Amino acid sequence: MTNTTLTRRAVLGAFAATTLSAAPTFSKAAGFLRGSGDIRRIRMHSGRTGESIDMIYWIEGKYIKEALKEVNHFMRDWRTNDVIGIDARTIDIMAAAHNLMDVSEPYMLLSGYRSPKTNAMLRSKSRGVAKNSLHMKGQAADLRLQSRSVGQMAKAAAICRAGGVGSYSRSNFVHMDCGPVRTWGR
């Protein structure tokens with residue numbers, strides 16, 4: 001006997017596969033997220049944990065709570081396994097920038113949430129780690145794409161005009177956050 005029961009996630013996945021082929025519309029909601037469309041999807045891979053996520057987390061103006069919980073877990077501090085609610089604005093910026101770059105490749109997540117303990121440890125090893133990092137509030141992510149340069153990623157994130165964008169060309173990643181609009185690095 002075949003089990004024909006579909007989970008919510010399976011239905012959303014099927015929905016995503018059939019609807020994401022349409023060109024995204026440009027949203028001006030809250031003054032940003034141009035390019036995010038009526039469906040927001042986030043695709044990431046973590047080299048640290050080996051986990052991947054490909055998820056629709058927003059449909060027609062509403063966040064999907066279960067999806068955001070999965071994103072929170074995925075973006076946890078992998079060193080301590082601590083989980084915090086990731087600010088949905090950060091996820092929106094990441095998704096909008098991804099759409100603007102027109103790539104299917106998932107982001108490589110280098111750092112999402114950082115516990116104060118992890119942030120202090122990283123700060124002791126690098127001057128580039130902020131004492132009051134937005135990573136500790138679940139409001140920032142450090143990301144990489146193999147198919148796009150740091151400059152291309154930073155430009156896409158900056159076009160959203162929704163938060164901070166840091167370019168780290170030497171380390172090949174871009175920092176995106178939902179804090180004040182600003183840019184730094186090269």
# chains A, B, ... in the order shown; residues from 1 in each chain; ligands from 1
>>> closest_atom_pairs(of="stretch 94-180 of chain A", to="stretch 40-53 of chain A", cutoff="7 Å", atoms="only C-alpha atoms", output="tab-separated table")
residue	atom	partner	partner_atom	distance
A:Ala95	CA	A:Ile42	CA	5.5
A:Pro106	CA	A:Met44	CA	4.6
A:Tyr107	CA	A:Met44	CA	4.4
A:Met108	CA	A:His45	CA	4.9
A:Leu109	CA	A:Ser46	CA	5.2
A:Leu110	CA	A:Ser46	CA	6.9
>>> select_by_dssp(residues="stretch 5-185 of chain A", states="strand (DSSP E)", output="ChimeraX atom specification")
/A:39-45,52-59,62-63,107-111,140-144,164-168,173-177,182-185
>>> closest_residue(among="A:Arg79, A:Arg148, A:Lys137, A:Lys62", to="A:Glu105", atoms="only C-alpha atoms")
A:Arg148
>>> closest_residue(among="A:Ile56, A:Leu68, A:Val174, A:Met153", to="A:Arg89", atoms="only C-alpha atoms")
A:Leu68
>>> residues_around(residues="A:Ala154", least_positions_apart="2", cutoff="12 Å", atoms="only C-alpha atoms", output="number ranges by chain")
A: 93-94, 97-98, 100-101, 142-145, 148-152, 156-161, 163-169, 172-177, 182-186
>>> select_by_dssp(residues="stretch 11-179 of chain A", states="helix (DSSP H, G or I)", output="CSV table (one decimal) with all heavy atoms, in the first residue's frame")
chain,number,residue,atom,x,y,z
A,11,VAL,N,3.9,19.9,-0.1
A,11,VAL,CA,3.0,20.7,-0.8
A,11,VAL,C,3.6,22.0,-1.2
A,11,VAL,O,3.6,22.5,-2.3
A,11,VAL,CB,1.7,20.9,-0.1
A,11,VAL,CG1,0.8,22.0,-0.8
A,11,VAL,CG2,0.9,19.6,0.0
A,12,LEU,N,4.3,22.7,-0.2
A,12,LEU,CA,5.0,23.9,-0.5
A,12,LEU,C,6.1,23.8,-1.5
A,12,LEU,O,6.3,24.6,-2.3
A,12,LEU,CB,5.5,24.5,0.8
A,12,LEU,CG,4.4,25.1,1.8
A,12,LEU,CD1,5.1,25.5,3.1
A,12,LEU,CD2,3.7,26.2,1.2
A,13,GLY,N,6.8,22.7,-1.4
A,13,GLY,CA,7.9,22.4,-2.3
A,13,GLY,C,7.4,22.3,-3.8
A,13,GLY,O,7.9,22.8,-4.7
A,14,ALA,N,6.3,21.5,-3.9
A,14,ALA,CA,5.6,21.4,-5.2
A,14,ALA,C,5.1,22.7,-5.7
A,14,ALA,O,5.3,23.0,-6.9
A,14,ALA,CB,4.5,20.4,-5.1
A,15,PHE,N,4.5,23.5,-4.8
A,15,PHE,CA,4.1,24.8,-5.2
A,15,PHE,C,5.2,25.7,-5.7
A,15,PHE,O,5.1,26.4,-6.7
A,15,PHE,CB,3.4,25.4,-4.0
A,15,PHE,CG,2.8,26.8,-4.3
A,15,PHE,CD1,1.7,26.9,-5.1
A,15,PHE,CD2,3.3,27.9,-3.7
A,15,PHE,CE1,1.1,28.2,-5.3
A,15,PHE,CE2,2.8,29.2,-4.0
A,15,PHE,CZ,1.7,29.3,-4.8
A,16,ALA,N,6.3,25.6,-5.0
A,16,ALA,CA,7.5,26.4,-5.4
A,16,ALA,C,8.0,26.0,-6.7
A,16,ALA,O,8.4,26.9,-7.5
A,16,ALA,CB,8.6,26.3,-4.3
A,17,ALA,N,8.0,24.7,-7.0
A,17,ALA,CA,8.6,24.3,-8.3
A,17,ALA,C,7.7,24.7,-9.4
A,17,ALA,O,8.2,25.0,-10.5
A,17,ALA,CB,8.6,22.7,-8.3
A,18,THR,N,6.4,24.9,-9.2
A,18,THR,CA,5.6,25.3,-10.3
A,18,THR,C,5.4,26.8,-10.4
A,18,THR,O,5.1,27.3,-11.5
A,18,THR,CB,4.2,24.7,-10.2
A,18,THR,OG1,3.6,25.1,-9.0
A,18,THR,CG2,4.2,23.2,-10.3
A,19,THR,N,5.6,27.6,-9.3
A,19,THR,CA,5.3,29.0,-9.4
A,19,THR,C,6.6,29.9,-9.5
A,19,THR,O,6.5,31.0,-9.9
A,19,THR,CB,4.6,29.5,-8.1
A,19,THR,OG1,5.4,29.2,-7.0
A,19,THR,CG2,3.2,28.8,-8.0
A,29,ALA,N,6.9,47.1,-0.5
A,29,ALA,CA,6.5,47.0,0.9
A,29,ALA,C,7.6,47.4,1.8
A,29,ALA,O,8.8,46.9,1.6
A,29,ALA,CB,6.0,45.5,1.2
A,30,ALA,N,7.4,48.2,2.7
A,30,ALA,CA,8.3,48.7,3.7
A,30,ALA,C,9.5,49.3,3.1
A,30,ALA,O,10.6,49.5,3.7
A,30,ALA,CB,8.8,47.5,4.6
A,31,GLY,N,9.4,49.8,1.8
A,31,GLY,CA,10.4,50.5,1.2
A,31,GLY,C,11.6,49.7,0.7
A,31,GLY,O,12.6,50.2,0.3
A,65,LYS,N,5.3,30.4,9.6
A,65,LYS,CA,5.9,30.2,10.9
A,65,LYS,C,6.8,29.0,11.0
A,65,LYS,O,7.9,29.0,11.5
A,65,LYS,CB,4.9,30.2,12.1
A,65,LYS,CG,4.3,31.5,12.3
A,65,LYS,CD,3.3,31.5,13.5
A,65,LYS,CE,2.6,32.8,13.7
A,65,LYS,NZ,1.6,32.8,14.8
A,66,GLU,N,6.3,27.9,10.5
A,66,GLU,CA,7.1,26.6,10.5
A,66,GLU,C,8.4,26.8,9.7
A,66,GLU,O,9.4,26.2,10.0
A,66,GLU,CB,6.3,25.4,10.0
A,66,GLU,CG,5.0,25.1,10.8
A,66,GLU,CD,3.8,26.0,10.4
A,66,GLU,OE1,3.9,26.7,9.4
A,66,GLU,OE2,2.8,25.9,11.2
A,67,ALA,N,8.3,27.5,8.6
A,67,ALA,CA,9.4,27.7,7.7
A,67,ALA,C,10.5,28.5,8.4
A,67,ALA,O,11.7,28.2,8.4
A,67,ALA,CB,9.0,28.3,6.4
A,68,LEU,N,10.0,29.6,9.1
A,68,LEU,CA,10.9,30.5,9.8
A,68,LEU,C,11.6,29.7,10.9
A,68,LEU,O,12.8,29.9,11.2
A,68,LEU,CB,10.2,31.7,10.3
A,68,LEU,CG,9.8,32.7,9.3
A,68,LEU,CD1,9.0,33.9,9.9
A,68,LEU,CD2,10.9,33.2,8.4
A,69,LYS,N,10.9,28.8,11.6
A,69,LYS,CA,11.6,28.0,12.6
A,69,LYS,C,12.7,27.1,12.0
A,69,LYS,O,13.7,27.0,12.7
A,69,LYS,CB,10.5,27.1,13.3
A,69,LYS,CG,9.6,27.8,14.3
A,69,LYS,CD,8.6,26.9,14.9
A,69,LYS,CE,7.7,27.6,15.8
A,69,LYS,NZ,6.7,26.7,16.4
A,70,GLU,N,12.5,26.6,10.8
A,70,GLU,CA,13.5,25.8,10.2
A,70,GLU,C,14.7,26.7,9.8
A,70,GLU,O,15.8,26.2,9.9
A,70,GLU,CB,12.9,25.0,9.0
A,70,GLU,CG,12.0,23.9,9.4
A,70,GLU,CD,11.7,23.0,8.2
A,70,GLU,OE1,12.6,22.6,7.5
A,70,GLU,OE2,10.5,22.7,8.1
A,71,VAL,N,14.4,27.9,9.3
A,71,VAL,CA,15.5,28.8,9.0
A,71,VAL,C,16.3,29.1,10.3
A,71,VAL,O,17.5,29.2,10.3
A,71,VAL,CB,15.0,30.1,8.3
A,71,VAL,CG1,16.1,31.1,8.1
A,71,VAL,CG2,14.4,29.7,6.9
A,72,ASN,N,15.6,29.4,11.4
A,72,ASN,CA,16.2,29.7,12.6
A,72,ASN,C,17.2,28.6,13.0
A,72,ASN,O,18.3,28.8,13.4
A,72,ASN,CB,15.2,29.9,13.8
A,72,ASN,CG,14.3,31.1,13.6
A,72,ASN,OD1,14.7,32.0,12.8
A,72,ASN,ND2,13.2,31.1,14.3
A,73,HIS,N,16.7,27.3,12.9
A,73,HIS,CA,17.6,26.2,13.3
A,73,HIS,C,18.8,26.1,12.3
A,73,HIS,O,19.9,25.9,12.8
A,73,HIS,CB,16.7,24.9,13.3
A,73,HIS,CG,17.6,23.7,13.6
A,73,HIS,ND1,18.0,23.4,14.9
A,73,HIS,CD2,18.1,22.7,12.8
A,73,HIS,CE1,18.7,22.3,14.8
A,73,HIS,NE2,18.8,21.9,13.6
A,74,PHE,N,18.5,26.3,11.1
A,74,PHE,CA,19.6,26.2,10.1
A,74,PHE,C,20.7,27.2,10.3
A,74,PHE,O,21.9,26.9,10.2
A,74,PHE,CB,19.0,26.3,8.7
A,74,PHE,CG,20.1,26.2,7.6
A,74,PHE,CD1,20.5,25.0,7.1
A,74,PHE,CD2,20.7,27.4,7.1
A,74,PHE,CE1,21.5,24.9,6.2
A,74,PHE,CE2,21.7,27.3,6.1
A,74,PHE,CZ,22.1,26.1,5.7
A,88,ALA,N,13.3,38.3,10.4
A,88,ALA,CA,12.8,38.0,9.0
A,88,ALA,C,13.3,39.1,8.0
A,88,ALA,O,13.4,38.8,6.8
A,88,ALA,CB,11.3,38.0,9.1
A,89,ARG,N,13.6,40.3,8.5
A,89,ARG,CA,14.1,41.3,7.6
A,89,ARG,C,15.4,40.9,6.9
A,89,ARG,O,15.7,41.1,5.8
A,89,ARG,CB,14.2,42.7,8.3
A,89,ARG,CG,12.9,43.2,8.7
A,89,ARG,CD,13.1,44.5,9.6
A,89,ARG,NE,13.9,44.2,10.7
A,89,ARG,CZ,14.5,45.1,11.5
A,89,ARG,NH1,14.3,46.4,11.3
A,89,ARG,NH2,15.2,44.7,12.6
A,90,THR,N,16.3,40.2,7.7
A,90,THR,CA,17.5,39.8,7.2
A,90,THR,C,17.3,38.7,6.1
A,90,THR,O,17.9,38.7,5.1
A,90,THR,CB,18.4,39.2,8.3
A,90,THR,OG1,18.7,40.3,9.2
A,90,THR,CG2,19.7,38.7,7.8
A,91,ILE,N,16.4,37.8,6.4
A,91,ILE,CA,16.1,36.7,5.5
A,91,ILE,C,15.5,37.3,4.2
A,91,ILE,O,15.9,36.9,3.1
A,91,ILE,CB,15.1,35.7,6.1
A,91,ILE,CG1,15.7,35.1,7.4
A,91,ILE,CG2,14.7,34.6,5.1
A,91,ILE,CD1,14.6,34.4,8.2
A,92,ASP,N,14.7,38.4,4.3
A,92,ASP,CA,14.1,39.0,3.2
A,92,ASP,C,15.2,39.7,2.3
A,92,ASP,O,15.2,39.6,1.1
A,92,ASP,CB,13.1,40.1,3.6
A,92,ASP,CG,11.8,39.6,4.2
A,92,ASP,OD1,11.5,38.4,3.9
A,92,ASP,OD2,11.2,40.3,4.9
A,93,ILE,N,16.2,40.3,3.0
A,93,ILE,CA,17.3,41.0,2.2
A,93,ILE,C,18.1,39.9,1.5
A,93,ILE,O,18.4,40.1,0.3
A,93,ILE,CB,18.2,41.7,3.2
A,93,ILE,CG1,17.4,42.9,3.8
A,93,ILE,CG2,19.5,42.2,2.5
A,93,ILE,CD1,18.1,43.5,5.0
A,94,MET,N,18.4,38.8,2.1
A,94,MET,CA,19.1,37.7,1.5
A,94,MET,C,18.3,37.2,0.3
A,94,MET,O,18.9,37.0,-0.8
A,94,MET,CB,19.4,36.6,2.5
A,94,MET,CG,20.3,37.0,3.6
A,94,MET,SD,20.2,35.9,5.1
A,94,MET,CE,20.3,34.3,4.4
A,95,ALA,N,17.0,36.9,0.5
A,95,ALA,CA,16.2,36.4,-0.6
A,95,ALA,C,16.1,37.4,-1.8
A,95,ALA,O,16.2,37.0,-3.0
A,95,ALA,CB,14.8,36.0,-0.1
A,96,ALA,N,15.9,38.6,-1.5
A,96,ALA,CA,15.8,39.6,-2.5
A,96,ALA,C,17.1,39.8,-3.3
A,96,ALA,O,17.1,39.8,-4.6
A,96,ALA,CB,15.3,41.0,-2.0
A,97,ALA,N,18.2,39.8,-2.6
A,97,ALA,CA,19.5,39.9,-3.3
A,97,ALA,C,19.7,38.7,-4.2
A,97,ALA,O,20.2,38.8,-5.3
A,97,ALA,CB,20.6,40.1,-2.3
A,98,HIS,N,19.4,37.5,-3.7
A,98,HIS,CA,19.5,36.3,-4.4
A,98,HIS,C,18.7,36.3,-5.7
A,98,HIS,O,19.2,36.0,-6.8
A,98,HIS,CB,19.1,35.1,-3.6
A,98,HIS,CG,19.6,33.8,-4.0
A,98,HIS,ND1,18.9,32.9,-4.8
A,98,HIS,CD2,20.8,33.1,-3.8
A,98,HIS,CE1,19.6,31.8,-5.1
A,98,HIS,NE2,20.7,31.9,-4.4
A,99,ASN,N,17.5,36.8,-5.6
A,99,ASN,CA,16.6,37.0,-6.8
A,99,ASN,C,17.2,38.0,-7.8
A,99,ASN,O,17.2,37.7,-9.0
A,99,ASN,CB,15.2,37.4,-6.4
A,99,ASN,CG,14.4,36.3,-5.9
A,99,ASN,OD1,14.7,35.1,-6.0
A,99,ASN,ND2,13.3,36.6,-5.1
A,100,LEU,N,17.7,39.1,-7.3
A,100,LEU,CA,18.3,40.1,-8.2
A,100,LEU,C,19.5,39.5,-8.9
A,100,LEU,O,19.8,40.0,-10.1
A,100,LEU,CB,18.7,41.3,-7.4
A,100,LEU,CG,17.5,42.2,-6.9
A,100,LEU,CD1,18.0,43.2,-5.9
A,100,LEU,CD2,16.8,42.8,-8.0
A,101,MET,N,20.2,38.6,-8.3
A,101,MET,CA,21.4,38.0,-9.0
A,101,MET,C,21.0,36.9,-10.0
A,101,MET,O,21.9,36.5,-10.8
A,101,MET,CB,22.4,37.5,-8.0
A,101,MET,CG,23.1,38.6,-7.2
A,101,MET,SD,24.3,37.9,-6.1
A,101,MET,CE,23.3,37.3,-4.7
A,116,PRO,N,26.9,35.0,22.2
A,116,PRO,CA,28.0,36.0,22.7
A,116,PRO,C,29.3,35.3,23.0
A,116,PRO,O,30.4,35.8,22.7
A,116,PRO,CB,27.3,36.4,24.1
A,116,PRO,CG,25.9,36.4,23.8
A,116,PRO,CD,25.7,35.1,23.0
A,117,LYS,N,29.3,34.0,23.4
A,117,LYS,CA,30.5,33.2,23.6
A,117,LYS,C,31.3,33.1,22.3
A,117,LYS,O,32.5,33.3,22.3
A,117,LYS,CB,30.1,31.9,24.2
A,117,LYS,CG,31.3,31.0,24.5
A,117,LYS,CD,30.9,29.6,25.0
A,117,LYS,CE,32.1,28.7,25.2
A,117,LYS,NZ,31.7,27.4,25.8
A,118,THR,N,30.6,32.7,21.3
A,118,THR,CA,31.2,32.5,20.0
A,118,THR,C,31.8,33.8,19.4
A,118,THR,O,32.9,33.9,18.9
A,118,THR,CB,30.3,31.9,18.9
A,118,THR,OG1,30.0,30.5,19.4
A,118,THR,CG2,30.9,31.8,17.5
A,119,ASN,N,31.0,34.9,19.6
A,119,ASN,CA,31.4,36.2,19.1
A,119,ASN,C,32.6,36.7,19.8
A,119,ASN,O,33.6,37.2,19.2
A,119,ASN,CB,30.3,37.2,19.2
A,119,ASN,CG,30.5,38.4,18.3
A,119,ASN,OD1,30.3,38.3,17.1
A,119,ASN,ND2,30.8,39.5,18.9
A,120,ALA,N,32.7,36.4,21.1
A,120,ALA,CA,33.9,36.8,21.9
A,120,ALA,C,35.1,36.1,21.5
A,120,ALA,O,36.2,36.6,21.3
A,120,ALA,CB,33.6,36.6,23.4
A,121,MET,N,34.9,34.8,21.2
A,121,MET,CA,36.0,33.9,20.8
A,121,MET,C,36.6,34.4,19.4
A,121,MET,O,37.8,34.6,19.2
A,121,MET,CB,35.6,32.5,20.7
A,121,MET,CG,36.7,31.5,20.2
A,121,MET,SD,36.8,31.3,18.4
A,121,MET,CE,35.2,30.6,18.0
A,122,LEU,N,35.6,34.7,18.5
A,122,LEU,CA,36.0,35.2,17.1
A,122,LEU,C,36.7,36.5,17.2
A,122,LEU,O,37.6,36.8,16.5
A,122,LEU,CB,34.8,35.2,16.2
A,122,LEU,CG,34.2,33.8,15.8
A,122,LEU,CD1,32.9,34.0,15.0
A,122,LEU,CD2,35.2,33.0,15.0
A,123,ARG,N,36.1,37.4,18.1
A,123,ARG,CA,36.7,38.7,18.3
A,123,ARG,C,38.1,38.7,18.8
A,123,ARG,O,39.0,39.5,18.4
A,123,ARG,CB,35.8,39.5,19.2
A,123,ARG,CG,36.1,41.0,19.3
A,123,ARG,CD,35.0,41.7,20.0
A,123,ARG,NE,35.4,43.0,20.6
A,123,ARG,CZ,35.7,44.0,19.9
A,123,ARG,NH1,35.7,44.0,18.6
A,123,ARG,NH2,36.1,45.1,20.5
A,124,SER,N,38.4,37.7,19.7
A,124,SER,CA,39.8,37.6,20.2
A,124,SER,C,40.8,37.2,19.1
A,124,SER,O,42.0,37.4,19.3
A,124,SER,CB,39.8,36.6,21.4
A,124,SER,OG,39.7,35.3,20.9
A,125,LYS,N,40.3,36.6,18.0
A,125,LYS,CA,41.1,36.1,16.9
A,125,LYS,C,41.2,37.1,15.7
A,125,LYS,O,42.0,36.9,14.9
A,125,LYS,CB,40.7,34.8,16.5
A,125,LYS,CG,40.8,33.7,17.5
A,125,LYS,CD,40.4,32.3,17.0
A,125,LYS,CE,40.6,31.3,18.1
A,125,LYS,NZ,40.3,30.0,17.6
A,134,LEU,N,25.7,42.3,15.0
A,134,LEU,CA,24.3,42.0,14.8
A,134,LEU,C,24.0,40.5,14.6
A,134,LEU,O,22.9,40.1,14.7
A,134,LEU,CB,23.7,42.8,13.5
A,134,LEU,CG,23.6,44.3,13.7
A,134,LEU,CD1,23.2,45.0,12.4
A,134,LEU,CD2,22.7,44.7,14.8
A,135,HIS,N,25.1,39.8,14.4
A,135,HIS,CA,25.0,38.3,14.4
A,135,HIS,C,24.4,37.8,15.7
A,135,HIS,O,23.6,36.9,15.8
A,135,HIS,CB,26.3,37.6,14.2
A,135,HIS,CG,26.8,37.7,12.7
A,135,HIS,ND1,26.4,36.9,11.8
A,135,HIS,CD2,27.7,38.6,12.2
A,135,HIS,CE1,27.0,37.2,10.6
A,135,HIS,NE2,27.8,38.2,10.8
A,136,MET,N,24.8,38.5,16.8
A,136,MET,CA,24.3,38.0,18.2
A,136,MET,C,22.8,38.3,18.4
A,136,MET,O,22.2,37.8,19.3
A,136,MET,CB,25.1,38.7,19.3
A,136,MET,CG,26.6,38.3,19.3
A,136,MET,SD,27.5,38.9,20.7
A,136,MET,CE,27.3,40.6,20.6
A,137,LYS,N,22.2,39.1,17.5
A,137,LYS,CA,20.8,39.5,17.6
A,137,LYS,C,20.0,38.7,16.6
A,137,LYS,O,18.8,38.9,16.4
A,137,LYS,CB,20.6,41.0,17.4
A,137,LYS,CG,21.2,41.8,18.5
A,137,LYS,CD,21.0,43.3,18.3
A,137,LYS,CE,21.6,44.1,19.3
A,137,LYS,NZ,21.4,45.6,19.1
A,150,VAL,N,32.2,38.8,-4.9
A,150,VAL,CA,31.8,39.6,-3.7
A,150,VAL,C,31.2,40.9,-4.2
A,150,VAL,O,30.2,41.3,-3.6
A,150,VAL,CB,33.1,39.8,-2.8
A,150,VAL,CG1,32.8,40.9,-1.8
A,150,VAL,CG2,33.5,38.5,-2.2
A,151,GLY,N,31.8,41.5,-5.2
A,151,GLY,CA,31.2,42.8,-5.7
A,151,GLY,C,29.8,42.6,-6.2
A,151,GLY,O,29.0,43.5,-6.0
A,152,GLN,N,29.6,41.6,-7.0
A,152,GLN,CA,28.2,41.3,-7.5
A,152,GLN,C,27.2,41.1,-6.4
A,152,GLN,O,26.1,41.6,-6.4
A,152,GLN,CB,28.2,40.1,-8.5
A,152,GLN,CG,28.9,40.4,-9.8
A,152,GLN,CD,29.2,39.2,-10.6
A,152,GLN,OE1,29.5,38.1,-10.1
A,152,GLN,NE2,29.0,39.3,-11.9
A,153,MET,N,27.6,40.3,-5.4
A,153,MET,CA,26.7,40.0,-4.3
A,153,MET,C,26.4,41.3,-3.5
A,153,MET,O,25.3,41.5,-3.1
A,153,MET,CB,27.3,38.9,-3.4
A,153,MET,CG,27.3,37.5,-3.9
A,153,MET,SD,28.1,36.4,-2.8
A,153,MET,CE,27.0,36.4,-1.4
A,154,ALA,N,27.5,42.0,-3.2
A,154,ALA,CA,27.3,43.3,-2.4
A,154,ALA,C,26.4,44.3,-3.1
A,154,ALA,O,25.6,44.9,-2.5
A,154,ALA,CB,28.7,43.9,-2.1
A,155,LYS,N,26.6,44.4,-4.4
A,155,LYS,CA,25.8,45.3,-5.2
A,155,LYS,C,24.3,44.9,-5.1
A,155,LYS,O,23.5,45.8,-5.0
A,155,LYS,CB,26.3,45.3,-6.7
A,155,LYS,CG,25.5,46.4,-7.5
A,155,LYS,CD,26.1,46.4,-8.9
A,155,LYS,CE,25.3,47.5,-9.7
A,155,LYS,NZ,25.9,47.6,-11.1
A,156,ALA,N,24.0,43.6,-5.3
A,156,ALA,CA,22.6,43.2,-5.2
A,156,ALA,C,22.0,43.4,-3.9
A,156,ALA,O,20.9,43.9,-3.8
A,156,ALA,CB,22.6,41.7,-5.5
A,157,ALA,N,22.8,43.2,-2.8
A,157,ALA,CA,22.3,43.5,-1.4
A,157,ALA,C,22.1,44.9,-1.2
A,157,ALA,O,21.1,45.4,-0.6
A,157,ALA,CB,23.2,42.8,-0.4
A,158,ALA,N,23.0,45.8,-1.7
A,158,ALA,CA,22.9,47.2,-1.5
A,158,ALA,C,21.8,47.8,-2.3
A,158,ALA,O,21.2,48.8,-1.8
A,158,ALA,CB,24.3,47.9,-1.9
A,159,ILE,N,21.4,47.2,-3.4
A,159,ILE,CA,20.3,47.7,-4.2
A,159,ILE,C,19.0,47.6,-3.4
A,159,ILE,O,18.1,48.4,-3.5
A,159,ILE,CB,20.1,47.0,-5.5
A,159,ILE,CG1,21.2,47.4,-6.5
A,159,ILE,CG2,18.8,47.2,-6.2
A,159,ILE,CD1,21.3,46.6,-7.7
>>> atom_distance(atom1="atom CA of A:Met55", atom2="atom CA of A:Ser115")
24.5 Å
>>> closest_residue(among="A:Ile64, A:Arg114, A:Val103, A:Asp54", to="A:Asp82", atoms="only C-alpha atoms")
A:Arg114
>>> atom_distance(atom1="atom CA of A:Ser171", atom2="atom CA of A:Asn132")
21.1 Å
>>> closest_residue(among="A:Gln146, A:Ser111, A:Ser104, A:Thr80", to="A:Val129", atoms="only C-alpha atoms")
A:Ser111
>>> atom_distance(atom1="atom CA of A:Gly61", atom2="atom CA of A:Gly85")
19.4 Å
>>> closest_residue(among="A:Ala140, A:Ile86, A:Ile39, A:Val181", to="A:Tyr57", atoms="only C-alpha atoms")
A:Ile39
>>> decode(residues="stretch 56-61 of chain A", atoms="all heavy atoms", output="PDB file, in the first residue's frame")
ATOM      1  N   ILE A  56      10.388  27.891   0.885  1.00  0.00           N
ATOM      2  CA  ILE A  56       9.512  29.051   0.751  1.00  0.00           C
ATOM      3  C   ILE A  56       9.119  29.423   2.173  1.00  0.00           C
ATOM      4  O   ILE A  56       8.637  28.584   2.925  1.00  0.00           O
ATOM      5  CB  ILE A  56       8.278  28.726  -0.101  1.00  0.00           C
ATOM      6  CG1 ILE A  56       8.701  28.489  -1.543  1.00  0.00           C
ATOM      7  CG2 ILE A  56       7.251  29.849  -0.008  1.00  0.00           C
ATOM      8  CD1 ILE A  56       7.591  28.031  -2.438  1.00  0.00           C
ATOM      9  N   TYR A  57       9.346  30.676   2.531  1.00  0.00           N
ATOM     10  CA  TYR A  57       9.060  31.095   3.902  1.00  0.00           C
ATOM     11  C   TYR A  57       8.022  32.218   3.964  1.00  0.00           C
ATOM     12  O   TYR A  57       7.612  32.640   5.034  1.00  0.00           O
ATOM     13  CB  TYR A  57      10.358  31.527   4.614  1.00  0.00           C
ATOM     14  CG  TYR A  57      10.961  32.792   4.048  1.00  0.00           C
ATOM     15  CD1 TYR A  57      10.647  34.038   4.591  1.00  0.00           C
ATOM     16  CD2 TYR A  57      11.808  32.753   2.950  1.00  0.00           C
ATOM     17  CE1 TYR A  57      11.168  35.199   4.057  1.00  0.00           C
ATOM     18  CE2 TYR A  57      12.338  33.912   2.420  1.00  0.00           C
ATOM     19  CZ  TYR A  57      12.009  35.126   2.967  1.00  0.00           C
ATOM     20  OH  TYR A  57      12.512  36.282   2.432  1.00  0.00           O
ATOM     21  N   TRP A  58       7.561  32.688   2.805  1.00  0.00           N
ATOM     22  CA  TRP A  58       6.606  33.801   2.738  1.00  0.00           C
ATOM     23  C   TRP A  58       5.769  33.624   1.493  1.00  0.00           C
ATOM     24  O   TRP A  58       6.307  33.392   0.406  1.00  0.00           O
ATOM     25  CB  TRP A  58       7.385  35.096   2.658  1.00  0.00           C
ATOM     26  CG  TRP A  58       6.636  36.382   2.769  1.00  0.00           C
ATOM     27  CD1 TRP A  58       6.361  37.063   3.911  1.00  0.00           C
ATOM     28  CD2 TRP A  58       6.106  37.185   1.705  1.00  0.00           C
ATOM     29  NE1 TRP A  58       5.704  38.225   3.615  1.00  0.00           N
ATOM     30  CE2 TRP A  58       5.538  38.327   2.264  1.00  0.00           C
ATOM     31  CE3 TRP A  58       6.066  37.031   0.328  1.00  0.00           C
ATOM     32  CZ2 TRP A  58       4.924  39.316   1.522  1.00  0.00           C
ATOM     33  CZ3 TRP A  58       5.461  38.014  -0.431  1.00  0.00           C
ATOM     34  CH2 TRP A  58       4.900  39.143   0.170  1.00  0.00           C
ATOM     35  N   ILE A  59       4.458  33.688   1.634  1.00  0.00           N
ATOM     36  CA  ILE A  59       3.552  33.588   0.488  1.00  0.00           C
ATOM     37  C   ILE A  59       2.482  34.662   0.637  1.00  0.00           C
ATOM     38  O   ILE A  59       1.832  34.756   1.689  1.00  0.00           O
ATOM     39  CB  ILE A  59       2.872  32.200   0.392  1.00  0.00           C
ATOM     40  CG1 ILE A  59       3.911  31.104   0.179  1.00  0.00           C
ATOM     41  CG2 ILE A  59       1.841  32.174  -0.733  1.00  0.00           C
ATOM     42  CD1 ILE A  59       3.335  29.695   0.185  1.00  0.00           C
ATOM     43  N   GLU A  60       2.306  35.434  -0.431  1.00  0.00           N
ATOM     44  CA  GLU A  60       1.229  36.423  -0.512  1.00  0.00           C
ATOM     45  C   GLU A  60       1.095  37.283   0.745  1.00  0.00           C
ATOM     46  O   GLU A  60       0.013  37.427   1.302  1.00  0.00           O
ATOM     47  CB  GLU A  60      -0.105  35.727  -0.827  1.00  0.00           C
ATOM     48  CG  GLU A  60      -0.135  34.982  -2.145  1.00  0.00           C
ATOM     49  CD  GLU A  60      -0.050  35.913  -3.350  1.00  0.00           C
ATOM     50  OE1 GLU A  60      -0.498  37.066  -3.252  1.00  0.00           O
ATOM     51  OE2 GLU A  60       0.482  35.480  -4.381  1.00  0.00           O
ATOM     52  N   GLY A  61       2.200  37.825   1.203  1.00  0.00           N
ATOM     53  CA  GLY A  61       2.160  38.756   2.321  1.00  0.00           C
ATOM     54  C   GLY A  61       2.209  38.151   3.707  1.00  0.00           C
ATOM     55  O   GLY A  61       2.080  38.867   4.696  1.00  0.00           O
TER      56      GLY A  61
END
